[in-house]
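Containing compact mmCIF, C-alpha atoms and all ligand atoms: data.txt.
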```txt
# COMPACT_ATOMS: atom_id res chain seq x y z
CA MET A 1226 90.41 96.11 115.46
CA LYS A 1227 92.93 98.81 116.45
CA SER A 1228 94.37 100.78 113.55
CA ILE A 1229 98.10 101.53 113.39
CA LEU A 1230 97.05 105.18 112.98
CA GLU A 1231 95.48 105.30 116.47
CA ASN A 1232 97.42 107.68 118.76
CA ARG A 1233 99.90 108.43 115.95
CA PRO A 1234 98.79 111.85 114.67
CA ALA A 1235 101.87 112.43 112.49
CA LEU A 1236 101.43 109.12 110.66
CA GLU A 1237 97.71 109.75 110.39
CA ARG A 1238 98.35 113.15 108.75
CA GLU A 1239 100.67 111.45 106.25
CA ILE A 1240 98.03 108.87 105.35
CA ASP A 1241 95.40 111.65 105.14
CA GLN A 1242 97.57 113.41 102.55
CA ILE A 1243 97.80 110.20 100.49
CA ALA A 1244 94.00 109.87 100.64
CA GLU A 1245 93.59 113.51 99.58
CA VAL A 1246 95.82 113.00 96.53
CA ALA A 1247 94.01 109.75 95.66
CA GLY A 1248 90.80 111.80 95.55
CA TYR A 1249 92.40 114.32 93.16
CA LEU A 1250 93.57 111.51 90.85
CA TRP A 1251 90.02 110.18 90.65
CA GLN A 1252 88.48 113.65 90.16
CA LYS A 1253 90.89 114.38 87.31
CA GLY A 1254 89.82 111.24 85.47
CA TRP A 1255 93.32 109.79 85.74
CA ALA A 1256 92.33 106.83 87.94
CA GLU A 1257 89.73 104.71 86.18
CA ARG A 1258 88.84 101.53 88.10
CA ASN A 1259 92.07 100.47 89.91
CA GLY A 1260 94.30 102.63 87.68
CA GLY A 1261 97.41 104.09 89.27
CA ASN A 1262 99.21 103.52 92.54
CA ILE A 1263 100.92 105.41 95.36
CA THR A 1264 103.73 104.38 97.70
CA VAL A 1265 105.18 106.50 100.49
CA ASN A 1266 108.22 105.78 102.65
CA ILE A 1267 106.86 106.16 106.20
CA THR A 1268 109.94 104.85 108.04
CA GLU A 1269 110.36 108.20 109.85
CA PHE A 1270 107.05 107.58 111.68
CA VAL A 1271 107.94 104.08 112.85
CA ASP A 1272 108.31 103.63 116.63
CA ASP A 1273 109.38 100.59 118.66
CA GLU A 1274 105.80 99.36 118.93
CA ILE A 1275 105.44 99.35 115.14
CA LYS A 1276 108.81 97.61 114.78
CA ALA A 1277 107.50 94.86 117.07
CA LEU A 1278 104.24 94.34 115.15
CA PRO A 1279 103.93 90.80 113.79
CA ALA A 1280 103.49 90.09 110.09
CA ILE A 1281 99.90 89.65 108.96
CA SER A 1282 100.92 88.07 105.64
CA GLU A 1283 103.34 85.42 104.48
CA VAL A 1284 106.76 86.60 103.29
CA LYS A 1285 106.45 87.96 99.73
CA GLN A 1286 109.19 88.53 97.16
CA ILE A 1287 109.72 91.99 95.63
CA GLY A 1288 111.31 90.54 92.48
CA CYS A 1289 114.60 92.41 92.90
CA THR A 1290 117.10 93.15 95.68
CA LEU A 1291 117.13 96.72 97.01
CA PRO A 1292 119.93 97.12 99.57
CA ASN A 1293 118.94 100.56 100.84
CA LEU A 1294 115.45 99.50 101.86
CA LYS A 1295 116.43 97.14 104.67
CA ASN A 1296 113.85 97.51 107.50
CA CYS A 1297 112.12 100.41 105.74
CA TYR A 1298 108.34 100.76 105.95
CA PHE A 1299 106.03 101.83 103.15
CA TYR A 1300 102.37 102.65 102.73
CA CYS A 1301 101.30 101.00 99.44
CA LYS A 1302 98.05 101.20 97.52
CA GLY A 1303 96.55 97.71 97.23
CA THR A 1304 96.63 95.96 93.89
CA GLY A 1305 93.24 96.08 92.21
CA LYS A 1306 92.00 98.72 94.66
CA ARG A 1307 90.30 101.91 93.48
CA MET A 1308 91.79 105.37 94.10
CA ARG A 1309 88.29 106.68 94.73
CA ASP A 1310 87.86 104.11 97.53
CA LEU A 1311 91.36 104.78 98.89
CA ALA A 1312 90.42 108.47 99.14
CA ARG A 1313 87.84 107.56 101.78
CA TRP A 1314 89.30 104.42 103.33
CA PRO A 1315 93.10 104.44 102.91
CA MET A 1316 93.74 101.59 105.34
CA GLU A 1317 91.19 99.28 103.69
CA ASN A 1318 92.55 99.94 100.19
CA GLY A 1319 96.23 99.92 101.00
CA SER A 1320 98.56 98.51 103.61
CA ILE A 1321 101.83 99.09 105.42
CA ILE A 1322 104.71 96.79 104.58
CA ARG A 1323 108.08 96.11 106.21
CA ILE A 1324 111.08 95.28 104.00
CA LEU A 1325 112.94 92.32 105.48
CA ASP A 1326 116.66 91.86 106.19
CA ASP A 1327 117.37 90.22 102.82
CA CYS A 1328 116.21 93.45 101.06
CA ALA A 1329 114.38 91.26 98.55
CA SER A 1330 111.18 90.40 100.43
CA TYR A 1331 108.56 92.01 102.62
CA VAL A 1332 105.62 91.35 104.92
CA ILE A 1333 102.41 93.28 105.48
CA ILE A 1334 102.10 94.55 109.06
CA ALA A 1335 98.98 96.78 109.11
CA ASP A 1336 96.03 97.31 109.13
CA ASN A 1337 94.69 94.63 106.78
CA PRO A 1338 96.39 91.99 104.60
CA VAL A 1339 95.87 94.04 101.41
CA ASN A 1340 98.38 92.97 98.74
CA PRO A 1341 100.47 95.92 97.51
CA THR A 1342 100.23 97.32 94.00
CA SER A 1343 101.44 95.23 91.06
CA GLU A 1344 103.83 98.11 90.25
CA LEU A 1345 105.69 97.55 93.55
CA PRO A 1346 109.04 96.66 91.85
CA ALA A 1347 109.03 100.00 89.98
CA HIS A 1348 108.07 101.98 93.08
CA LEU A 1349 110.54 100.30 95.43
CA SER A 1350 113.43 100.51 92.93
CA LEU A 1351 112.88 104.26 92.83
CA HIS A 1352 112.72 104.57 96.63
CA ASP A 1353 115.94 102.54 96.90
CA TYR A 1354 117.75 104.89 94.50
CA LEU A 1355 116.34 108.04 96.15
CA ILE A 1356 117.69 106.89 99.53
CA ALA A 1357 121.04 105.81 98.03
CA THR A 1358 121.58 109.24 96.49
CA GLY A 1359 120.76 111.15 99.70
CA THR A 1360 117.55 112.88 98.63
CA ASP A 1361 114.69 113.55 101.02
CA TYR A 1362 112.18 112.17 98.50
CA LYS A 1363 109.59 109.91 100.15
CA ALA A 1364 106.76 109.49 97.62
CA ALA A 1365 106.10 107.82 94.27
CA ILE A 1366 102.89 108.12 92.27
CA HIS A 1367 101.90 106.29 89.12
CA THR A 1368 98.77 107.51 87.34
CA HIS A 1369 97.09 107.65 83.90
CA PRO A 1370 96.86 111.39 82.97
CA ILE A 1371 94.80 111.55 79.82
CA GLU A 1372 96.54 114.23 77.74
CA LEU A 1373 100.07 113.05 78.54
CA VAL A 1374 99.17 109.46 77.65
CA ALA A 1375 97.60 110.75 74.41
CA MET A 1376 100.86 112.56 73.54
CA SER A 1377 102.78 109.32 74.13
CA HIS A 1378 100.98 107.81 71.13
CA ASN A 1379 102.96 110.14 68.85
CA PRO A 1380 106.54 108.95 68.11
CA ARG A 1381 107.66 112.60 68.07
CA PHE A 1382 106.99 112.82 71.80
CA LEU A 1383 108.80 109.63 72.77
CA ASP A 1384 111.94 111.73 72.93
CA SER A 1385 112.46 113.10 76.46
CA LYS A 1386 114.10 116.33 75.30
CA GLU A 1387 111.42 117.06 72.70
CA ILE A 1388 108.37 116.42 74.90
CA THR A 1389 109.96 118.31 77.82
CA ARG A 1390 110.72 121.30 75.58
CA VAL A 1391 107.17 121.39 74.20
CA LEU A 1392 105.54 121.05 77.65
CA TRP A 1393 107.79 123.64 79.29
CA SER A 1394 107.08 126.06 76.44
CA MET A 1395 103.28 125.97 76.86
CA ILE A 1396 103.12 128.06 80.08
CA PRO A 1397 105.89 129.48 82.29
CA GLU A 1398 104.65 127.71 85.44
CA THR A 1399 105.31 124.27 84.02
CA LEU A 1400 108.99 125.09 83.60
CA ALA A 1401 109.08 126.68 87.07
CA PHE A 1402 107.28 123.89 88.92
CA ALA A 1403 108.37 120.84 86.93
CA PRO A 1404 112.02 121.75 86.30
CA LEU A 1405 113.04 118.06 86.32
CA ALA A 1406 110.53 116.80 83.75
CA LEU A 1407 109.96 114.48 81.75
CA GLY A 1408 111.73 111.21 80.98
CA VAL A 1409 110.21 108.70 78.57
CA VAL A 1410 110.12 104.92 78.74
CA PRO A 1411 109.16 103.01 75.55
CA TYR A 1412 106.27 100.61 76.04
CA GLU A 1413 106.92 97.78 78.50
CA MET A 1414 104.59 95.26 80.08
CA PRO A 1415 102.81 96.81 83.11
CA SER A 1416 104.25 95.69 86.47
CA SER A 1417 107.31 94.08 84.82
CA ILE A 1418 110.86 94.31 86.12
CA ALA A 1419 111.84 95.67 82.66
CA LEU A 1420 109.45 98.60 83.22
CA ALA A 1421 110.85 99.13 86.74
CA ASP A 1422 114.44 99.11 85.43
CA ALA A 1423 113.68 101.49 82.54
CA THR A 1424 111.89 103.91 84.90
CA LEU A 1425 114.82 103.86 87.29
CA GLU A 1426 117.18 104.71 84.40
CA GLN A 1427 115.14 107.86 83.68
CA VAL A 1428 115.09 108.88 87.36
CA LYS A 1429 118.87 108.37 87.38
CA ASN A 1430 118.96 110.84 84.46
CA ASN A 1431 117.47 113.38 86.90
CA TYR A 1432 113.93 113.27 85.57
CA ASP A 1433 111.42 113.40 88.46
CA ALA A 1434 108.53 112.39 86.20
CA VAL A 1435 108.62 109.56 83.67
CA LEU A 1436 106.13 108.99 80.86
CA TRP A 1437 105.34 105.34 80.21
CA GLU A 1438 104.45 105.03 76.50
CA LYS A 1439 100.72 104.38 75.98
CA HIS A 1440 100.21 103.83 79.71
CA GLY A 1441 100.84 106.65 82.20
CA VAL A 1442 103.25 108.72 84.25
CA THR A 1443 105.32 107.81 87.30
CA CYS A 1444 106.64 110.63 89.43
CA VAL A 1445 108.74 110.92 92.57
CA GLY A 1446 108.85 113.77 95.06
CA PRO A 1447 109.59 114.82 98.64
CA ASP A 1448 105.97 114.04 99.53
CA VAL A 1449 102.88 112.80 97.77
CA MET A 1450 101.38 116.28 97.26
CA GLN A 1451 104.52 117.60 95.57
CA ALA A 1452 104.76 114.54 93.32
CA PHE A 1453 101.11 115.10 92.35
CA ASP A 1454 101.78 118.80 91.61
CA VAL A 1455 104.51 117.91 89.12
CA ILE A 1456 102.22 115.58 87.16
CA ASP A 1457 99.42 118.15 87.38
CA VAL A 1458 101.44 121.01 85.87
CA LEU A 1459 102.87 118.74 83.15
CA ASN A 1460 99.42 117.53 82.20
CA LYS A 1461 98.14 121.12 82.21
CA SER A 1462 100.70 121.87 79.51
CA ALA A 1463 99.69 118.76 77.58
CA ASN A 1464 96.09 119.97 77.78
CA ILE A 1465 97.02 123.44 76.49
CA TYR A 1466 98.91 121.81 73.61
CA MET A 1467 95.88 119.70 72.81
CA CYS A 1468 93.49 122.69 73.00
CA ALA A 1469 95.67 124.61 70.50
CA LYS A 1470 95.72 121.59 68.17
CA ASN A 1471 91.93 121.32 68.50
CA MET A 1472 91.70 124.98 67.43
CA GLY A 1473 93.57 123.93 64.30
CA PHE A 1474 97.12 125.15 64.87
CA GLU A 1475 100.46 123.99 66.25
CA PRO A 1476 101.13 126.26 69.25
CA ASP A 1477 104.24 128.45 68.95
CA GLY A 1478 105.37 127.84 72.53
CA MET A 1479 107.60 130.21 74.47
CA THR A 1480 110.93 130.91 72.82
CA ASP A 1481 114.11 129.19 74.02
CA ALA A 1482 115.35 132.62 75.19
CA ALA A 1483 112.22 133.17 77.30
CA MET A 1484 112.64 129.75 78.88
CA THR A 1485 116.32 130.28 79.61
CA GLU A 1486 115.44 133.58 81.28
CA ILE A 1487 112.96 131.81 83.60
CA GLN A 1488 115.55 129.14 84.44
CA GLU A 1489 118.04 131.85 85.36
CA VAL A 1490 115.71 134.26 87.20
CA PHE A 1491 114.16 131.48 89.30
CA ASN A 1492 117.50 129.67 89.64
CA LEU A 1493 115.75 126.41 88.70
CA PRO A 1494 117.51 123.16 89.60
CA LYS A 1495 118.84 120.92 86.84
CA VAL A 1496 119.50 118.02 89.18
CA ARG A 1497 117.57 116.58 92.14
CA PRO A 1498 118.51 118.26 95.43
CA THR A 1499 120.18 116.16 98.13
CA LYS A 1500 120.06 116.59 101.90
CA LYS A 1501 122.71 118.92 103.26
P1 LIG B 1601 97.45 98.09 90.67
O1 LIG B 1601 95.95 98.01 90.90
O2 LIG B 1601 98.11 96.76 90.84
O3 LIG B 1601 98.05 99.17 91.55
O4 LIG B 1601 97.71 98.49 89.16
C1 LIG B 1601 97.22 99.66 88.59
C2 LIG B 1601 98.05 100.16 87.47
O5 LIG B 1601 97.90 101.29 87.06
C3 LIG B 1601 99.08 99.27 86.86
O6 LIG B 1601 99.91 99.96 85.99
ZN ZN B 1602 99.09 101.91 85.30
```
Just dump the structure as structure tokens.
Amino acid sequence: MKSILENRPALEREIDQIAEVAGYLWQKGWAERNGGNITVNITEFVDDEIKALPAISEVKQIGCTLPNLKNCYFYCKGTGKRMRDLARWPMENGSIIRILDDCASYVIIADNPVNPTSELPAHLSLHDYLIATGTDYKAAIHTHPIELVAMSHNPRFLDSKEITRVLWSMIPETLAFAPLALGVVPYEMPSSIALADATLEQVKNNYDAVLWEKHGVTCVGPDVMQAFDVIDVLNKSANIYMCAKNMGFEPDGMTDAAMTEIQEVFNLPKVRPTKK
């Protein structure tokens, strides 16, 4: 069977990057079994031939209406599929979907009828908002980073300002490379619309990464590698915090003055950039 990637090098490179990140998620121990999911808006790679491809699934409901996604195309990890398998065979462990005219349903168009992730409502709600607000963000990742999830078991860290302050203060790079971290969503049922809505609220508050209490992190970014980087630097800080606690002390953290200096010197954004 012909793959949609055949003779489409730009789309193939995009899918290769998704597979590369899936491999990192597995190597980091953040993607046990089918844990985590990735979606990427690939509409920019869609040509007339792709637009004409027939559905290979029945029409499926998203669970909400997302007006900005009309006729958009997404690569989605398959529900129940393993990141470590996706790293090697992205088109067998994920699929490409087309959002239909009603903005509330979709069909799978390639390569295989692999059902998208159960977290699709959360992912697509974020994509819808990111388009509506004129960003060039194309990727959303949900994963289970160990140290960040561990921190979410402490009520002290269920406050976005407090956990962000502590993580930023562990190492200057986290502040520099995750300047829009970290919203928090109190526990909600995985794959529920309530979880999708609560995540969207945090992204609307200009957090790029959102901690799901006792579950994981969901992060948006211009591409899948940059979204991964944000989670990676945040979890690095969580790991440093944990190492200090394991050595028997509460880490001091950088001072507020030191952090303000970094924000000013690097001219760090406080809100998500939009396209000119
Ligand atoms: P899926 O296998 O449906 O993508 O679910 C994994 C997950 O992490 C749910 O939160
Ligand atoms: Zn999950």
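Here the question is which of A:Val1449, A:Val1455, A:Ile1388, A:Val1442 gets nearest to ligand ZN 1602 (chain B) using only C-alpha atoms and all ligand atoms, and that residue is A:Val1442.
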With the cut-off set at 7 Å and counting all atoms listed in the file, tabulate each residue of chain A with an atom at most that distance from an atom of ligand ZN 1602 (chain B), showing the nearest atom pair and its distance in Å to one decimal, ordered by chain and increasing number, as a tab-separated table.
```
residue	atom	partner	partner_atom	distance
A:Gly1260	CA	B:ZN1602	ZN	5.4
A:Gly1261	CA	B:ZN1602	ZN	4.8
A:His1367	CA	B:ZN1602	ZN	6.5
A:Thr1368	CA	B:ZN1602	ZN	6.0
A:His1369	CA	B:ZN1602	ZN	6.2
A:Pro1415	CA	B:ZN1602	ZN	6.7
A:His1440	CA	B:ZN1602	ZN	6.0
A:Gly1441	CA	B:ZN1602	ZN	5.9
```
**Prompt:** Do you know which residues are within 12 Å of ligand LIG 1601 (chain B) using all atoms listed in the file? Can you write them as a PyMOL selection string?
**Reply:** chain A and resi 1250+1255-1264+1301-1308+1311+1318-1319+1339-1348+1366-1370+1412-1417+1420-1421+1437-1443
**Request:** Using only C-alpha atoms, find the one residue out of A:Gln1488, A:Thr1480, A:Gln1451, A:Ser1377 that sits nearest to Glu1398 of chain A.
**Result:** A:Gln1488
**Request:** Fewer than 4 positions away in the same chain doesn't count, so skip those; otherwise give me all residues within 8 Å of segment 1457-1466 of chain A, counting only C-alpha atoms, as an MDAnalysis selection string.
**Result:** chainID A and resid 1370:1373 1376 1392:1393 1395:1396 1398:1399 1402:1403 1406 1453 1470 1475:1476
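Considering all atoms listed in the file, the residue among A:Arg1309, A:Ala1401, A:Pro1234, A:Val1332 positioned nearest to Val1490 of chain A is A:Ala1401.
Atom CA of Cys1328 of chain A sits 17.8 Å away from atom CA of Lys1363 of chain A.
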**Answer as JSON, numbers by chain, residues within 7 Å of (107.1, 91.0, 94.8) using only C-alpha atoms** = {"A": [1285, 1286, 1287, 1288, 1330, 1345, 1346]}
**Request:** Find the residues near Leu1230 of chain A: any atom within 9 Å, counting only C-alpha atoms, skip ones fewer than 4 places away on the same chain, and give them as a list in words.
**Result:** Pro1234, Ala1235, Leu1236, Glu1237, Ile1240 and Asp1336 of chain A
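Shortest atom-to-atom contact with Pro1447 of chain A among A:Ala1364, A:Leu1291, A:Val1265, A:Leu1493: A:Ala1364, counting only C-alpha atoms.
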**Message:** So that I can check the surroundings of Ile1322 of chain A, please list as a ChimeraX atom specification every protein, DNA and RNA residue that reaches within 8 Å of it, counting only C-alpha atoms and ignoring chain neighbours fewer than 2 positions away.
**Reply:** /A:1298-1301,1320,1324,1331-1335
Could you dump the residues just selected with C-alpha atoms as a PDB file, in the frame of the given file?
```
ATOM      1  CA  TYR A1298     108.340 100.760 105.950  1.00  0.00           C
ATOM      2  CA  PHE A1299     106.030 101.830 103.150  1.00  0.00           C
ATOM      3  CA  TYR A1300     102.370 102.650 102.730  1.00  0.00           C
ATOM      4  CA  CYS A1301     101.300 101.000  99.440  1.00  0.00           C
ATOM      5  CA  SER A1320      98.560  98.510 103.610  1.00  0.00           C
ATOM      6  CA  ILE A1324     111.080  95.280 104.000  1.00  0.00           C
ATOM      7  CA  TYR A1331     108.560  92.010 102.620  1.00  0.00           C
ATOM      8  CA  VAL A1332     105.620  91.350 104.920  1.00  0.00           C
ATOM      9  CA  ILE A1333     102.410  93.280 105.480  1.00  0.00           C
ATOM     10  CA  ILE A1334     102.100  94.550 109.060  1.00  0.00           C
ATOM     11  CA  ALA A1335      98.980  96.780 109.110  1.00  0.00           C
TER      12      ALA A1335
END
```
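Going from atom CA of Asp1273 of chain A over to atom CA of Asn1293 of chain A, you cover 20.2 Å.
Atom CA of Gly1254 of chain A is found 21.5 Å from atom CA of Gly1446 of chain A.
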**Nearest to Gln1427 of chain A, chosen from A:Ala1375, A:Ile1267, A:Leu1325, A:Leu1351, with only C-alpha atoms counted in the distances** = A:Leu1351
**Prompt:** Counting all atoms listed in the file, what is within 9 Å of Pro1292 of chain A, bar same-chain residues fewer than 4 positions away, as a PyMOL selection string?
**Reply:** chain A and resi 1327-1329+1353+1357
If you keep C-alpha atoms, can you produce a file of those selected residues as a JSON list (two decimals), keeping the file's coordinate frame?
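The file below, part-v3.json, is the result:
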```json
[["chain", "number", "residue", "atom", "x", "y", "z"],
["A", 1327, "ASP", "CA", 117.37, 90.22, 102.82],
["A", 1328, "CYS", "CA", 116.21, 93.45, 101.06],
["A", 1329, "ALA", "CA", 114.38, 91.26, 98.55],
["A", 1353, "ASP", "CA", 115.94, 102.54, 96.90],
["A", 1357, "ALA", "CA", 121.04, 105.81, 98.03]]
```
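Compared by their closest atoms to Pro1315 of chain A, and using only C-alpha atoms, the residues A:Glu1239, A:Glu1274, A:Leu1349, A:Glu1283 rank with A:Glu1239 nearest.
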